[in-house]
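Inspection log for the structure reproduced underneath, given as structure tokens.
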There are 2 protein chains.
Amino acid sequence: MSWEDSVRKVVPYVAGEQPKQKDVIKLNTNECPYPPAPAVAKLAENLDTDAFRLYPDPDTTPIVTALAEYYGVKKEQVFVGVGSDDVISMAFLTFFNNEKPILFPDVTYSFYDVWADLYHIPYKTVALKDDWSIDVEGFKQENGGVIFPNPNAPTGLYMDLEYVEEIIKANPDVVVMVDEAYIDFGGKSALPLLEKYDNLLVIQTFSKSRAMAGLRIGFCIGNEKLIKYLNDVKFSFNSYTMNRPSQALGAAAVQDDAYFKEITGKIIATREWTKKELTRLGFTFPDSKANFIFASHKSVPAADIFNYLRQQNIYVRYWNKDRINNSLRITIGTDSQMQLLIAALEAYLG
Amino acid sequence: MSWEDSVRKVVPYVAGEQPKQKDVIKLNTNECPYPPAPAVAKLAENLDTDAFRLYPDPDTTPIVTALAEYYGVKKEQVFVGVGSDDVISMAFLTFFNNEKPILFPDVTYSFYDVWADLYHIPYKTVALKDDWSIDVEGFKQENGGVIFPNPNAPTGLYMDLEYVEEIIKANPDVVVMVDEAYIDFGGKSALPLLEKYDNLLVIQTFSKSRAMAGLRIGFCIGNEKLIKYLNDVKFSFNSYTMNRPSQALGAAAVQDDAYFKEITGKIIATREWTKKELTRLGFTFPDSKANFIFASHKSVPAADIFNYLRQQNIYVRYWNKDRINNSLRITIGTDSQMQLLIAALEAYLG
């Protein structure tokens, strides 16, 4: 016997490439092309660095309070983590704790099956319909829990709230998680449904619409009982997950709503322009309400376009994976970045 | 059935109190009384806040490189996490993955049993000897893994490296973790033993000797294979755990070795002074090589002293727990803080 026999061996999630050179047009990991709110930069210059010697507030009061006020919920309904990955992973560990398989779409955020494998949670996928939409009926079978993104990733397709509610209503005995990483780009959040359903957890992130992927801030909102259970597990894992800079800078970001609306509005406008241009060049795609477009070309394979763009220092995301291997996920950048992308595509395809 | 039936219910770890008022002498959570290295404050003022919109380096290159250089190991031997709690929790999940009980001392860091419960890892404790020292023989029974701190917490007692090696040598088939959160206050690290043992994991933190508890930085060093397995699990959990400020500021801290030696030297000197004073006042304690002293008074119960000190706005740590409920864990602060503590104790006990 060797110590290696006891190792938990897993196939890890592979995140999008993070190129180190600077002259790249980076449209591959759904980051925001604009900097965080001005208040964030201002506060960053004036952080109390002497206080770095002290543990951060274990209750993450500054940012929880800011989020509770912003979304009009109680502080006891908000849980924050080191990115929404941390929040979802913790929620899997806390709530998906039975023998029945959990359900999620077959084409979706590719971390769900990784967490399920890590925690030995059985799962079953529900195939998207031919138009890439989520099959609501498929989520009415017996299960140990439900998670789906809205809008879905990497399709970008948004599902109307009545269907989200239909899924929640059909699953009163398990926790239903709606992963709203991309909700701020034109969709309607399921947050108002919290008043009716005590088994609903709505997960969001600062990494996309709040331009703070580098600070690692995610959160979820649910009824107080759910959040209490989640905090118990979190406090069994690490008392102090969110560091002082993230707690302070995250709170500052939430407080600048005008800037938040300005940059999400700009991204939506750029996305709609990009849709027209991609259509003109022979691409098709589900109608995205996210900060990315999931596009296939009518005649040129996605892998070829991916490789060509990469040579031009334009990074988009491509998965060599069943069902999605002829599509590119293109993050919406600034207007000028998207103009350069369209020009490069035009040169290649035209 | 209800969704609550499937919840993973745990008894969370309770961390030391983090009082919000400022005029407190805080000697209860083993933080450093001095600010981080001057380079940290300087860099903090000049963080690239525009880059906050981008994900951090998933390989945490800046800080891993700085640590590898400092400790004279390969980059592939270093793993970093959000505090050493994150590192140890991840290591439990990765390496303590069999049916046999893991071993740790009965009086030790009180998070070990919490993680074991969280991940459903069986465990068995090995009683400390009457002089509070670790019972090396007790770690020679069959087990699924071993972890102990050196110096131990909350006793502060350091174990000579030959005994550490004896434990490692007796356990070639499991991973042995040495938790060196307090090693920089006079002990010798087990790092040189890495050359001989491929199943050794040495865990350290920036929260004590590097004065950065608020940034949440922990790390471990082991052979490349161990670190690779750990990274696989980490990448199955969250690709980007350490945020941009921590990666940059942590690297800056490591590079200032002179300051590091200065503040740890000061803490050691203050600790030795405090030992003499506590002895004079009728306290006894194991001979600490940590940044705290675990003291009992010959006649006054620890709980009474704790409550008295708290009224004086002096916070120390007390556990109402079997075997340790007549001791106080007192963090070493600045000279003037310790003088105030001793004066307060003198007034109460004298």
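Identifiers in this document derive from the order of the structure tokens: chains are assigned A, B, ..., residues are numbered from 1 separately in each chain, and ligands are numbered from 1 in order of occurrence.
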Tell me which protein, DNA and RNA residues are within 12 Å of A:Asp23, counting only C-alpha atoms, leaving out same-chain ones fewer than 4 positions away, and put them as a compact mmCIF listing (two decimals) with N, CA, C and O atoms, in the first residue's frame.
```txt
# COMPACT_ATOMS: atom_id res chain seq x y z
N PRO A 19 -4.00 34.41 -20.85
CA PRO A 19 -2.72 34.76 -21.47
C PRO A 19 -2.01 35.84 -20.67
O PRO A 19 -2.65 36.74 -20.12
N GLN A 312 -4.37 35.79 -34.49
CA GLN A 312 -4.52 37.26 -34.55
C GLN A 312 -4.51 37.87 -33.15
O GLN A 312 -4.85 39.05 -33.00
N ASN A 313 -4.18 37.07 -32.15
CA ASN A 313 -4.23 37.55 -30.75
C ASN A 313 -5.62 37.91 -30.28
O ASN A 313 -5.80 38.79 -29.42
N ILE A 314 -6.62 37.26 -30.86
CA ILE A 314 -7.98 37.43 -30.37
C ILE A 314 -8.40 36.09 -29.75
O ILE A 314 -8.47 35.08 -30.43
N TYR A 315 -8.61 36.11 -28.42
CA TYR A 315 -8.95 34.87 -27.71
C TYR A 315 -10.45 34.77 -27.51
O TYR A 315 -11.06 35.63 -26.87
N GLN A 337 -13.10 46.72 -29.50
CA GLN A 337 -12.65 45.32 -29.54
C GLN A 337 -13.55 44.49 -30.47
O GLN A 337 -13.06 43.67 -31.25
```
Taking the backbone alone, and naming residues the way the document does, which bits of stretch 32-109 of chain A are alpha helix (DSSP H) by DSSP, as an MDAnalysis selection string?
chainID A and resid 38:45 61:71 83:95
Residues of stretch 91-180 of chain B in strand (DSSP E) according to DSSP, as a VMD selection string?
chain B and resid 102 to 105 123 to 126 146 to 149 176 to 179
Taking only C-alpha atoms into account, which of B:Gly350, B:Pro151, B:Gly72, B:Pro36 comes nearest A:Asp48?
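The answer is B:Pro36, which sits nearest to A:Asp48.
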So that each row is one residue of stretch 145-225 of chain B with an atom at most 12 Å from stretch 286-306 of chain B, can you give its shortest atom pair and the distance in Å to one decimal, using only C-alpha atoms, rows by chain and rising number, as a tab-separated table?
```
residue	atom	partner	partner_atom	distance
B:Pro149	CA	B:Ala290	CA	10.9
B:Asn150	CA	B:Ala290	CA	9.1
B:Pro151	CA	B:Ala290	CA	6.4
B:Asn152	CA	B:Ala290	CA	8.5
B:Ala153	CA	B:Ala290	CA	8.5
B:Pro154	CA	B:Phe294	CA	6.4
B:Thr155	CA	B:Phe294	CA	5.4
B:Gly156	CA	B:Ser288	CA	4.3
B:Leu157	CA	B:Ser288	CA	5.1
B:Tyr158	CA	B:Lys289	CA	5.9
B:Met159	CA	B:Lys289	CA	9.6
B:Asp160	CA	B:Lys289	CA	11.3
B:Glu180	CA	B:Ala290	CA	9.9
B:Ala181	CA	B:Ala290	CA	8.8
B:Tyr182	CA	B:Ala290	CA	5.2
B:Ile183	CA	B:Ala290	CA	6.9
B:Asp184	CA	B:Ala290	CA	7.8
B:Phe185	CA	B:Ala290	CA	5.3
B:Gly186	CA	B:Lys289	CA	5.5
B:Gly187	CA	B:Lys289	CA	6.4
B:Lys188	CA	B:Lys289	CA	10.1
B:Ser207	CA	B:Asn291	CA	11.4
B:Lys208	CA	B:Asn291	CA	7.8
B:Ser209	CA	B:Asn291	CA	8.4
B:Arg210	CA	B:Asn291	CA	11.9
B:Ala211	CA	B:Asn291	CA	11.8
```
